[in-house]
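Asker: Dropping in structure-v3.cif, with mmCIF, C-alpha atoms and all ligand atoms.
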```
data_structure
#
loop_
_atom_site.label_atom_id
_atom_site.label_comp_id
_atom_site.auth_asym_id
_atom_site.auth_seq_id
_atom_site.Cartn_x
_atom_site.Cartn_y
_atom_site.Cartn_z
CA MET A 3 -35.48 35.24 55.98
CA SER A 4 -37.39 33.36 53.32
CA GLY A 5 -37.59 36.48 51.10
CA GLU A 6 -33.85 37.09 51.51
CA LEU A 7 -33.10 33.48 50.58
CA ARG A 8 -35.18 33.75 47.42
CA ALA A 9 -33.51 37.00 46.43
CA TYR A 10 -30.08 35.46 46.99
CA TYR A 11 -30.86 32.44 44.78
CA ALA A 12 -32.37 34.65 42.10
CA ARG A 13 -29.05 36.57 41.90
CA ARG A 14 -26.97 33.39 42.16
CA ALA A 15 -28.83 31.34 39.54
CA ARG A 16 -26.33 31.77 36.66
CA GLU A 17 -23.31 30.87 38.80
CA TYR A 18 -25.02 28.28 41.00
CA GLU A 19 -23.61 25.12 39.44
CA ARG A 20 -20.00 26.21 40.03
CA ILE A 21 -20.46 24.69 43.47
CA TYR A 22 -20.55 21.28 41.80
CA GLU A 23 -17.13 21.83 40.20
CA LYS A 24 -15.02 21.65 43.38
CA PRO A 25 -12.44 18.92 42.57
CA GLU A 26 -12.35 17.42 46.06
CA ARG A 27 -16.13 16.74 45.93
CA GLN A 28 -16.30 14.84 42.63
CA GLU A 29 -16.06 11.35 44.09
CA ASP A 30 -18.84 12.06 46.60
CA LEU A 31 -21.03 13.65 43.93
CA ALA A 32 -20.78 10.51 41.82
CA ARG A 33 -21.72 8.40 44.84
CA LEU A 34 -24.69 10.66 45.62
CA ALA A 35 -25.90 10.42 42.03
CA ALA A 36 -25.76 6.62 42.18
CA LEU A 37 -27.67 6.58 45.48
CA LEU A 38 -30.40 8.89 44.19
CA ALA A 39 -30.85 7.02 40.94
CA ASP A 40 -31.41 3.89 42.98
CA ASP A 41 -33.57 5.49 45.72
CA LEU A 42 -36.01 7.01 43.24
CA ALA A 43 -36.03 4.37 40.48
CA GLY A 44 -39.59 3.75 39.24
CA HIS A 45 -41.09 6.47 41.51
CA GLU A 46 -43.38 9.35 40.68
CA VAL A 47 -41.31 12.11 42.22
CA LEU A 48 -42.15 15.59 43.44
CA GLU A 49 -38.94 17.61 43.74
CA ILE A 50 -39.02 20.79 45.80
CA ALA A 51 -36.41 23.58 45.60
CA CYS A 52 -35.01 22.01 42.40
CA GLY A 53 -32.91 25.06 41.54
CA THR A 54 -31.16 24.74 38.17
CA GLY A 55 -32.15 21.08 37.87
CA TYR A 56 -28.74 19.55 38.59
CA TRP A 57 -30.22 16.66 40.60
CA SER A 58 -33.43 16.60 38.56
CA GLN A 59 -31.31 15.39 35.64
CA VAL A 60 -30.00 12.52 37.74
CA ILE A 61 -33.48 11.59 39.01
CA ALA A 62 -35.10 11.81 35.56
CA ARG A 63 -32.92 8.93 34.36
CA SER A 64 -34.49 6.32 36.66
CA ALA A 65 -37.77 7.79 37.97
CA ARG A 66 -41.06 6.97 36.30
CA ARG A 67 -42.03 10.65 36.36
CA LEU A 68 -40.62 13.86 37.85
CA HIS A 69 -42.35 17.14 38.69
CA ALA A 70 -39.57 19.58 39.56
CA THR A 71 -40.46 22.78 41.42
CA ASP A 72 -38.81 25.86 42.89
CA ALA A 73 -40.14 29.10 44.33
CA VAL A 74 -37.74 31.28 42.33
CA ALA A 75 -38.11 31.97 38.60
CA GLU A 76 -34.42 32.46 37.69
CA PRO A 77 -33.07 28.98 38.57
CA LEU A 78 -36.29 27.33 37.37
CA GLU A 79 -35.85 28.88 33.90
CA ILE A 80 -32.32 27.44 33.72
CA ALA A 81 -33.65 24.02 34.72
CA LYS A 82 -36.40 24.12 32.09
CA ALA A 83 -33.90 24.93 29.32
CA LYS A 84 -31.91 21.71 29.88
CA ASP A 85 -32.38 18.50 27.89
CA TRP A 86 -35.04 16.22 29.36
CA PRO A 87 -36.29 12.76 28.46
CA PRO A 88 -39.57 13.14 26.55
CA ASP A 89 -42.93 12.91 28.40
CA LYS A 90 -41.40 12.36 31.81
CA VAL A 91 -40.48 15.70 33.37
CA THR A 92 -42.67 18.70 34.19
CA PHE A 93 -41.91 21.95 36.02
CA GLY A 94 -43.84 24.28 38.25
CA THR A 95 -43.54 27.01 40.83
CA CYS A 96 -44.05 25.85 44.41
CA ASP A 97 -43.14 27.02 47.89
CA ALA A 98 -41.25 24.20 49.59
CA TYR A 99 -43.28 24.85 52.76
CA ASP A 100 -46.52 24.21 50.88
CA PRO A 101 -45.97 21.05 48.81
CA ALA A 102 -49.75 20.46 48.81
CA ALA A 103 -49.89 23.22 46.18
CA ALA A 104 -48.07 21.09 43.59
CA PRO A 105 -50.62 19.25 41.44
CA GLY A 106 -50.53 15.47 40.95
CA ASP A 107 -50.07 12.20 42.82
CA PHE A 108 -46.57 11.25 43.93
CA THR A 109 -44.93 8.22 45.52
CA ALA A 110 -41.76 10.07 46.53
CA LEU A 111 -40.46 13.53 47.37
CA PHE A 112 -36.90 14.75 46.90
CA ALA A 113 -35.14 17.91 48.04
CA GLY A 114 -31.46 18.60 47.41
CA PHE A 115 -29.56 21.11 49.54
CA TRP A 116 -32.78 22.50 50.95
CA TRP A 117 -32.97 21.01 54.48
CA SER A 118 -29.97 23.16 55.48
CA HIS A 119 -31.95 26.32 54.64
CA VAL A 120 -34.95 25.49 56.83
CA PRO A 121 -34.76 27.28 60.21
CA ARG A 122 -34.55 24.66 62.97
CA PRO A 123 -37.83 25.69 64.65
CA ASP A 124 -39.63 25.29 61.28
CA LEU A 125 -38.40 21.75 60.58
CA PRO A 126 -41.27 19.87 62.31
CA ALA A 127 -43.95 21.80 60.39
CA PHE A 128 -41.98 21.50 57.14
CA LEU A 129 -41.64 17.72 57.55
CA ASP A 130 -45.30 17.31 58.51
CA ALA A 131 -46.34 19.16 55.34
CA VAL A 132 -44.10 16.89 53.24
CA HIS A 133 -45.48 13.79 54.93
CA ARG A 134 -49.11 14.87 54.53
CA ARG A 135 -48.42 15.49 50.84
CA LEU A 136 -47.18 11.94 50.28
CA GLY A 137 -49.20 9.94 52.79
CA PRO A 138 -48.09 6.85 54.72
CA GLY A 139 -45.48 4.75 52.93
CA GLY A 140 -44.35 7.60 50.68
CA ARG A 141 -40.61 7.74 50.14
CA VAL A 142 -38.66 10.83 51.16
CA VAL A 143 -35.08 11.58 50.13
CA PHE A 144 -32.97 14.55 51.19
CA VAL A 145 -29.34 15.28 50.38
CA ASP A 146 -27.23 18.12 51.70
CA ASN A 147 -23.79 19.27 52.79
CA ARG A 148 -21.68 18.22 55.72
CA PHE A 149 -19.46 20.93 57.14
CA VAL A 150 -15.86 20.40 56.07
CA ALA A 151 -13.32 22.92 57.36
CA GLY A 152 -11.24 24.30 54.51
CA SER A 153 -13.84 23.37 51.88
CA SER A 154 -17.13 24.75 53.30
CA THR A 155 -17.74 28.49 53.68
CA PRO A 156 -16.98 29.23 57.36
CA ILE A 157 -19.84 29.70 59.82
CA ALA A 158 -20.04 33.39 60.66
CA GLU A 159 -22.80 33.33 63.26
CA THR A 160 -25.07 31.09 65.32
CA ASP A 161 -28.45 32.34 66.57
CA GLY A 162 -30.43 31.44 69.70
CA ASP A 163 -32.21 28.54 67.95
CA GLY A 164 -28.90 26.98 66.91
CA ASN A 165 -29.23 28.09 63.28
CA THR A 166 -25.88 28.78 61.64
CA TYR A 167 -25.18 31.46 59.01
CA GLN A 168 -22.55 31.94 56.32
CA LEU A 169 -21.46 35.15 54.59
CA ARG A 170 -21.42 34.26 50.92
CA PRO A 171 -19.94 36.39 48.14
CA LEU A 172 -21.36 36.46 44.60
CA SER A 173 -19.37 37.36 41.49
CA ASP A 174 -21.14 40.76 41.27
CA GLY A 175 -19.33 41.75 44.49
CA SER A 176 -22.39 41.45 46.74
CA ARG A 177 -22.24 39.57 50.05
CA HIS A 178 -25.16 37.65 51.54
CA ARG A 179 -25.89 36.32 55.02
CA VAL A 180 -27.34 32.88 54.34
CA LEU A 181 -28.87 30.39 56.79
CA LYS A 182 -27.04 27.09 56.39
CA ASN A 183 -27.48 24.36 58.99
CA PHE A 184 -25.45 21.18 59.29
CA PRO A 185 -27.63 18.57 61.03
CA ASP A 186 -26.26 15.34 62.47
CA ARG A 187 -27.61 11.83 62.96
CA ALA A 188 -28.99 12.61 66.43
CA GLU A 189 -31.03 15.52 65.06
CA PHE A 190 -32.52 13.40 62.25
CA THR A 191 -33.39 10.62 64.67
CA ALA A 192 -35.05 12.97 67.16
CA LEU A 193 -37.05 14.80 64.50
CA LEU A 194 -38.20 11.73 62.62
CA ASP A 195 -38.99 9.51 65.58
CA GLY A 196 -42.66 8.58 65.11
CA ARG A 197 -42.79 10.41 61.76
CA ALA A 198 -40.76 7.96 59.66
CA ARG A 199 -39.71 4.35 59.24
CA ASN A 200 -36.76 2.61 57.56
CA LEU A 201 -34.49 5.59 58.17
CA ASP A 202 -31.31 5.24 56.13
CA LEU A 203 -28.59 7.87 56.53
CA VAL A 204 -25.44 7.77 54.41
CA GLU A 205 -22.69 10.14 55.52
CA LEU A 206 -20.07 10.78 52.85
CA PRO A 207 -17.10 13.04 53.57
CA TYR A 208 -18.77 16.12 52.00
CA PHE A 209 -22.48 15.24 51.86
CA TRP A 210 -25.22 13.33 53.58
CA ARG A 211 -28.19 11.49 52.09
CA LEU A 212 -31.27 10.64 54.17
CA ARG A 213 -33.96 8.24 52.90
CA TYR A 214 -37.06 6.98 54.69
CA GLU A 215 -40.74 6.15 54.35
CA VAL A 216 -43.52 8.23 55.90
CA ALA A 217 -44.92 6.50 58.99
CA GLY A 218 -48.61 5.76 59.36
C1 LIG B 301 -29.26 25.39 47.63
S1 LIG B 301 -30.36 25.64 46.29
C2 LIG B 301 -30.64 23.96 45.83
C3 LIG B 301 -30.97 23.80 44.37
C4 LIG B 301 -31.02 22.35 43.89
N1 LIG B 301 -31.94 21.55 44.67
C5 LIG B 301 -29.64 21.70 43.96
O1 LIG B 301 -29.44 20.88 44.85
O2 LIG B 301 -28.80 21.99 43.11
C6 LIG B 301 -31.82 26.10 47.11
C7 LIG B 301 -32.99 26.39 46.19
O3 LIG B 301 -34.14 26.72 46.99
C8 LIG B 301 -34.91 27.66 46.28
N2 LIG B 301 -35.81 28.29 47.26
C9 LIG B 301 -35.56 29.29 48.13
N3 LIG B 301 -36.66 29.51 48.90
C10 LIG B 301 -37.59 28.59 48.51
C11 LIG B 301 -38.90 28.27 48.95
N4 LIG B 301 -39.49 28.93 49.95
N5 LIG B 301 -39.56 27.27 48.33
C12 LIG B 301 -38.99 26.57 47.30
N6 LIG B 301 -37.75 26.84 46.84
C13 LIG B 301 -37.06 27.82 47.45
C14 LIG B 301 -33.90 28.56 45.65
O4 LIG B 301 -34.43 29.26 44.56
C15 LIG B 301 -32.82 27.55 45.24
O5 LIG B 301 -33.03 27.12 43.91
#
```
Represent the structure contained in this file as C-alpha cells.
Answerer:
Amino acid sequence: MSGELRAYYARRAREYERIYEKPERQEDLARLAALLADDLAGHEVLEIACGTGYWSQVIARSARRLHATDAVAEPLEIAKAKDWPPDKVTFGTCDAYDPAAAPGDFTALFAGFWWSHVPRPDLPAFLDAVHRRLGPGGRVVFVDNRFVAGSSTPIAETDGDGNTYQLRPLSDGSRHRVLKNFPDRAEFTALLDGRARNLDLVELPYFWRLRYEVAG
C-alpha cells in the first residue's frame, strides 16, 4: 500500500494543489491556516508528508524554524521551489513512519492530510514513533479532511480493519485506489488515551484539526 501511495502522489504532484481551490472550502481553509499559525508559533517544527508545501508556507510565517519532509521527490521539488523566509526553512526526504531519521531537535511535529492515509492497525506504532521523536511535552498537530457527501470523493470500499478507500482519477486518465480514512472524536480519544495530554480537537465543516502534547 505504501508504495502505491507514493506512486500516486508522485503522479499527482503537479495537480495536487487544485484540491485547495474548491470554493466551498475556502472559509474553512482560512480558519485552519489561522489555527496552525497560532498552534506552531515560536516552535521548531518537523513537518512530515509536507507534499508541495502548501501548509509549510503557513507554518513558516510564525514558527521559529521548519524542517519540511516528504518521502516522494516530485512534490518535495515543488515545495522547495516556492518562496521561503530566509534562514528558517529546510527540506529533506523522510518516511513518515520513521521520523527519527530526520536530523535536528524539534519542539513540535505537524502533518497535514497524512493521518487519513495511515492504515488503522498502523496508527498506534505511527503515533508512538512520532511521540518518541519529540519526547514528553512535545506539541503535535494534525489536520485532515472530514467526509462531506457531495464534496468528498465517495468511499468505494471498506476493508476488514475498517479502512476506507476512494477511487481517484488523475488528469492523465489514470484511476487510483487510495486509502483515505475519516476518523472521529471517539477514535482520537481511544488512541491517544495515555499517549497525550491537552487534547484539542476542532471540527470544521470540511476539516478537522487535532493538537496535543506528548504525555510523559
Ligand atoms: C495528502 S498529501 C499531503 C501533502 C501536504 N501535507 C498537504 O497537506 O498539502 C500526502 C503526502 O504524503 C506523501 N507520502 C506518501 N507516503 C509517504 C511516506 N511513507 N512518508 C512520508 N510521506 C509520504 C506524499 O508524497 C504526499 O505528498
Asker: At a cut-off of 6 Å and counting only C-alpha atoms and all ligand atoms, what residues surround ligand LIG 301 (chain B)? Please answer as a PyMOL selection string.
Answerer: chain A and resi 4+7-8+11+50-53+56+72-74+77+96-98+113-116
Asker: Please measure the separation of CA of Val204 (chain A) and CA of Gly218 (chain A), giving the value in Å to one decimal.
Answerer: 23.8 Å
Asker: Per residue of region 8-56 of chain A within 12 Å of region 147-170 of chain A, what are the shortest atom pair and its distance in Å to one decimal, counting only C-alpha atoms, with rows by chain and residue number, as a Markdown table?
Answerer:
```
| residue | atom | partner | partner_atom | distance |
| --- | --- | --- | --- | --- |
| A:Tyr10 | CA | A:Arg170 | CA | 9.6 |
| A:Tyr11 | CA | A:Arg170 | CA | 11.4 |
| A:Arg14 | CA | A:Arg170 | CA | 10.4 |
| A:Ile21 | CA | A:Ser154 | CA | 10.4 |
| A:Tyr22 | CA | A:Asn147 | CA | 11.6 |
| A:Lys24 | CA | A:Ser153 | CA | 8.8 |
| A:Pro25 | CA | A:Ser153 | CA | 10.4 |
| A:Glu26 | CA | A:Ser153 | CA | 8.5 |
| A:Arg27 | CA | A:Ser153 | CA | 9.2 |
| A:Asp30 | CA | A:Asn147 | CA | 10.7 |
| A:Leu31 | CA | A:Asn147 | CA | 10.8 |
| A:Leu34 | CA | A:Asn147 | CA | 11.2 |
```
Asker: So that I have them on file, write out the residues from the current selection with C-alpha atoms, as a PDB file, keeping the file's coordinate frame.
Answerer:
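Listed below is the output, selection_23.pdb:
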```
ATOM      1  CA  TYR A  10     -30.080  35.460  46.990  1.00  0.00           C
ATOM      2  CA  TYR A  11     -30.860  32.440  44.780  1.00  0.00           C
ATOM      3  CA  ARG A  14     -26.970  33.390  42.160  1.00  0.00           C
ATOM      4  CA  ILE A  21     -20.460  24.690  43.470  1.00  0.00           C
ATOM      5  CA  TYR A  22     -20.550  21.280  41.800  1.00  0.00           C
ATOM      6  CA  LYS A  24     -15.020  21.650  43.380  1.00  0.00           C
ATOM      7  CA  PRO A  25     -12.440  18.920  42.570  1.00  0.00           C
ATOM      8  CA  GLU A  26     -12.350  17.420  46.060  1.00  0.00           C
ATOM      9  CA  ARG A  27     -16.130  16.740  45.930  1.00  0.00           C
ATOM     10  CA  ASP A  30     -18.840  12.060  46.600  1.00  0.00           C
ATOM     11  CA  LEU A  31     -21.030  13.650  43.930  1.00  0.00           C
ATOM     12  CA  LEU A  34     -24.690  10.660  45.620  1.00  0.00           C
TER      13      LEU A  34
END
```
Asker: CA of Ala81 (chain A) to CA of Val47 (chain A): how many Å, to one decimal?
Answerer: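 Result for CA of Ala81 (chain A) versus CA of Val47 (chain A): 16.0 Å, one decimal.
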Asker: Determine, counting only C-alpha atoms, which protein, DNA and RNA residues have an atom within 6 Å of an atom of region 89-93 of chain A; residues of the same chain fewer than 4 positions away are not included. Present the result as a list in words.
Answerer: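 Non-adjacent residues within range: Arg67, Leu68, His69, Ala70 and Thr71 of chain A.
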Asker: Rounded to one decimal place, report the CA of Ala102 (chain A)-CA of Asp130 (chain A) distance in Å.
Answerer: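 Here the two named atoms are 11.1 Å from each other.
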Asker: Out of A:Ala127, A:Ala36, A:Leu136, A:Glu76, which residue has the shortest atom-to-atom distance to Glu49 (chain A) when counting all atoms listed in the file?
Answerer: A:Leu136
Asker: Nearest to Arg16 (chain A) among A:Glu205, A:Asp85, A:Asp124, A:Glu79, with distances taken over all atoms listed in the file: which residue is it?
Answerer: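 Residue with the minimum atom-to-atom distance to Arg16 (chain A): A:Glu79.
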Asker: Closest to Arg141 (chain A) among A:Pro185, A:Pro171, A:Pro207, A:Gly44, using all atoms listed in the file?
Answerer: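 With all atoms listed in the file as the atom set, the closest residue is A:Gly44.
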Asker: Show me, as number ranges by chain, the residues that have an atom within 7 Å of Leu201 (chain A) when counting only C-alpha atoms, minus same-chain residues fewer than 3 positions from it.
Answerer: A: 198, 213-214
Asker: Of the candidates A:Arg13, A:Leu203, A:Arg66, A:Tyr18, which one gets nearest to Ala188 (chain A) if we count all atoms listed in the file?
Answerer: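 Residue with the minimum atom-to-atom distance to Ala188 (chain A): A:Leu203.
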Asker: Choose the residue, out of A:Phe128, A:Phe144, A:Phe184, A:Trp86, that has the smallest atom-to-atom separation from Leu38 (chain A); count only C-alpha atoms.
Answerer: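 Distance minimum relative to Leu38 (chain A) lands on A:Phe144.
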Asker: Could you rebuild region 200-211 of chain A with all heavy atoms and give it back as a PDB file, keeping the file's coordinate frame?
Answerer:
```pdb
ATOM      1  N   ASN A 200     -37.851   3.028  58.465  1.00  0.00           N
ATOM      2  CA  ASN A 200     -36.760   2.610  57.560  1.00  0.00           C
ATOM      3  C   ASN A 200     -35.760   3.743  57.285  1.00  0.00           C
ATOM      4  O   ASN A 200     -35.310   3.935  56.146  1.00  0.00           O
ATOM      5  CB  ASN A 200     -37.308   2.104  56.211  1.00  0.00           C
ATOM      6  CG  ASN A 200     -38.271   0.955  56.386  1.00  0.00           C
ATOM      7  OD1 ASN A 200     -38.118   0.156  57.314  1.00  0.00           O
ATOM      8  ND2 ASN A 200     -39.267   0.865  55.517  1.00  0.00           N
ATOM      9  N   LEU A 201     -35.444   4.485  58.323  1.00  0.00           N
ATOM     10  CA  LEU A 201     -34.490   5.590  58.170  1.00  0.00           C
ATOM     11  C   LEU A 201     -33.129   5.076  57.696  1.00  0.00           C
ATOM     12  O   LEU A 201     -32.578   4.163  58.303  1.00  0.00           O
ATOM     13  CB  LEU A 201     -34.319   6.225  59.553  1.00  0.00           C
ATOM     14  CG  LEU A 201     -34.213   7.727  59.635  1.00  0.00           C
ATOM     15  CD1 LEU A 201     -35.554   8.348  59.290  1.00  0.00           C
ATOM     16  CD2 LEU A 201     -33.835   8.120  61.070  1.00  0.00           C
ATOM     17  N   ASP A 202     -32.624   5.662  56.635  1.00  0.00           N
ATOM     18  CA  ASP A 202     -31.310   5.240  56.130  1.00  0.00           C
ATOM     19  C   ASP A 202     -30.473   6.494  55.866  1.00  0.00           C
ATOM     20  O   ASP A 202     -30.787   7.275  54.959  1.00  0.00           O
ATOM     21  CB  ASP A 202     -31.492   4.420  54.842  1.00  0.00           C
ATOM     22  CG  ASP A 202     -30.178   3.853  54.358  1.00  0.00           C
ATOM     23  OD1 ASP A 202     -29.601   3.008  55.052  1.00  0.00           O
ATOM     24  OD2 ASP A 202     -29.707   4.287  53.282  1.00  0.00           O
ATOM     25  N   LEU A 203     -29.451   6.699  56.677  1.00  0.00           N
ATOM     26  CA  LEU A 203     -28.590   7.870  56.530  1.00  0.00           C
ATOM     27  C   LEU A 203     -27.218   7.431  56.022  1.00  0.00           C
ATOM     28  O   LEU A 203     -26.584   6.566  56.620  1.00  0.00           O
ATOM     29  CB  LEU A 203     -28.432   8.574  57.882  1.00  0.00           C
ATOM     30  CG  LEU A 203     -27.481   9.773  57.910  1.00  0.00           C
ATOM     31  CD1 LEU A 203     -28.006  10.939  57.066  1.00  0.00           C
ATOM     32  CD2 LEU A 203     -27.249  10.247  59.350  1.00  0.00           C
ATOM     33  N   VAL A 204     -26.789   8.021  54.909  1.00  0.00           N
ATOM     34  CA  VAL A 204     -25.440   7.770  54.410  1.00  0.00           C
ATOM     35  C   VAL A 204     -24.643   9.059  54.592  1.00  0.00           C
ATOM     36  O   VAL A 204     -25.062  10.128  54.122  1.00  0.00           O
ATOM     37  CB  VAL A 204     -25.453   7.354  52.914  1.00  0.00           C
ATOM     38  CG1 VAL A 204     -24.024   7.249  52.371  1.00  0.00           C
ATOM     39  CG2 VAL A 204     -26.194   6.043  52.729  1.00  0.00           C
ATOM     40  N   GLU A 205     -23.535   8.969  55.300  1.00  0.00           N
ATOM     41  CA  GLU A 205     -22.690  10.140  55.520  1.00  0.00           C
ATOM     42  C   GLU A 205     -21.395   9.974  54.726  1.00  0.00           C
ATOM     43  O   GLU A 205     -20.557   9.137  55.054  1.00  0.00           O
ATOM     44  CB  GLU A 205     -22.393  10.307  57.012  1.00  0.00           C
ATOM     45  CG  GLU A 205     -23.658  10.653  57.798  1.00  0.00           C
ATOM     46  CD  GLU A 205     -23.424  10.693  59.306  1.00  0.00           C
ATOM     47  OE1 GLU A 205     -23.138   9.630  59.877  1.00  0.00           O
ATOM     48  OE2 GLU A 205     -23.525  11.786  59.876  1.00  0.00           O
ATOM     49  N   LEU A 206     -21.285  10.751  53.668  1.00  0.00           N
ATOM     50  CA  LEU A 206     -20.070  10.780  52.850  1.00  0.00           C
ATOM     51  C   LEU A 206     -19.175  11.888  53.425  1.00  0.00           C
ATOM     52  O   LEU A 206     -19.627  12.681  54.253  1.00  0.00           O
ATOM     53  CB  LEU A 206     -20.434  11.073  51.396  1.00  0.00           C
ATOM     54  CG  LEU A 206     -21.413  10.082  50.751  1.00  0.00           C
ATOM     55  CD1 LEU A 206     -21.825  10.559  49.357  1.00  0.00           C
ATOM     56  CD2 LEU A 206     -20.788   8.699  50.675  1.00  0.00           C
ATOM     57  N   PRO A 207     -17.941  11.975  53.004  1.00  0.00           N
ATOM     58  CA  PRO A 207     -17.100  13.040  53.570  1.00  0.00           C
ATOM     59  C   PRO A 207     -17.695  14.450  53.408  1.00  0.00           C
ATOM     60  O   PRO A 207     -17.661  15.242  54.344  1.00  0.00           O
ATOM     61  CB  PRO A 207     -15.786  12.900  52.793  1.00  0.00           C
ATOM     62  CG  PRO A 207     -15.730  11.438  52.441  1.00  0.00           C
ATOM     63  CD  PRO A 207     -17.161  11.027  52.184  1.00  0.00           C
ATOM     64  N   TYR A 208     -18.286  14.760  52.246  1.00  0.00           N
ATOM     65  CA  TYR A 208     -18.770  16.120  52.000  1.00  0.00           C
ATOM     66  C   TYR A 208     -20.282  16.269  52.054  1.00  0.00           C
ATOM     67  O   TYR A 208     -20.785  17.401  52.109  1.00  0.00           O
ATOM     68  CB  TYR A 208     -18.291  16.611  50.621  1.00  0.00           C
ATOM     69  CG  TYR A 208     -16.802  16.836  50.606  1.00  0.00           C
ATOM     70  CD1 TYR A 208     -15.941  15.847  50.162  1.00  0.00           C
ATOM     71  CD2 TYR A 208     -16.262  18.037  51.077  1.00  0.00           C
ATOM     72  CE1 TYR A 208     -14.574  16.039  50.176  1.00  0.00           C
ATOM     73  CE2 TYR A 208     -14.899  18.243  51.088  1.00  0.00           C
ATOM     74  CZ  TYR A 208     -14.058  17.244  50.641  1.00  0.00           C
ATOM     75  OH  TYR A 208     -12.711  17.442  50.670  1.00  0.00           O
ATOM     76  N   PHE A 209     -21.020  15.154  51.975  1.00  0.00           N
ATOM     77  CA  PHE A 209     -22.480  15.240  51.860  1.00  0.00           C
ATOM     78  C   PHE A 209     -23.149  14.172  52.710  1.00  0.00           C
ATOM     79  O   PHE A 209     -22.522  13.171  53.068  1.00  0.00           O
ATOM     80  CB  PHE A 209     -22.908  15.008  50.393  1.00  0.00           C
ATOM     81  CG  PHE A 209     -22.239  15.926  49.415  1.00  0.00           C
ATOM     82  CD1 PHE A 209     -21.247  15.448  48.566  1.00  0.00           C
ATOM     83  CD2 PHE A 209     -22.578  17.269  49.344  1.00  0.00           C
ATOM     84  CE1 PHE A 209     -20.606  16.297  47.665  1.00  0.00           C
ATOM     85  CE2 PHE A 209     -21.940  18.120  48.450  1.00  0.00           C
ATOM     86  CZ  PHE A 209     -20.957  17.638  47.608  1.00  0.00           C
ATOM     87  N   TRP A 210     -24.418  14.393  52.991  1.00  0.00           N
ATOM     88  CA  TRP A 210     -25.220  13.330  53.580  1.00  0.00           C
ATOM     89  C   TRP A 210     -26.442  13.082  52.693  1.00  0.00           C
ATOM     90  O   TRP A 210     -26.892  13.980  51.974  1.00  0.00           O
ATOM     91  CB  TRP A 210     -25.641  13.644  55.019  1.00  0.00           C
ATOM     92  CG  TRP A 210     -26.360  14.949  55.261  1.00  0.00           C
ATOM     93  CD1 TRP A 210     -25.821  16.125  55.710  1.00  0.00           C
ATOM     94  CD2 TRP A 210     -27.772  15.210  55.078  1.00  0.00           C
ATOM     95  NE1 TRP A 210     -26.791  17.094  55.810  1.00  0.00           N
ATOM     96  CE2 TRP A 210     -28.003  16.566  55.441  1.00  0.00           C
ATOM     97  CE3 TRP A 210     -28.854  14.448  54.656  1.00  0.00           C
ATOM     98  CZ2 TRP A 210     -29.274  17.161  55.377  1.00  0.00           C
ATOM     99  CZ3 TRP A 210     -30.116  15.032  54.595  1.00  0.00           C
ATOM    100  CH2 TRP A 210     -30.310  16.378  54.959  1.00  0.00           C
ATOM    101  N   ARG A 211     -26.940  11.856  52.791  1.00  0.00           N
ATOM    102  CA  ARG A 211     -28.190  11.490  52.090  1.00  0.00           C
ATOM    103  C   ARG A 211     -29.065  10.746  53.081  1.00  0.00           C
ATOM    104  O   ARG A 211     -28.646   9.783  53.694  1.00  0.00           O
ATOM    105  CB  ARG A 211     -27.858  10.636  50.862  1.00  0.00           C
ATOM    106  CG  ARG A 211     -29.040  10.151  50.042  1.00  0.00           C
ATOM    107  CD  ARG A 211     -29.939   9.112  50.716  1.00  0.00           C
ATOM    108  NE  ARG A 211     -29.881   7.764  50.223  1.00  0.00           N
ATOM    109  CZ  ARG A 211     -29.819   6.695  51.012  1.00  0.00           C
ATOM    110  NH1 ARG A 211     -29.748   6.796  52.329  1.00  0.00           N
ATOM    111  NH2 ARG A 211     -29.813   5.497  50.486  1.00  0.00           N
TER     112      ARG A 211
END
```
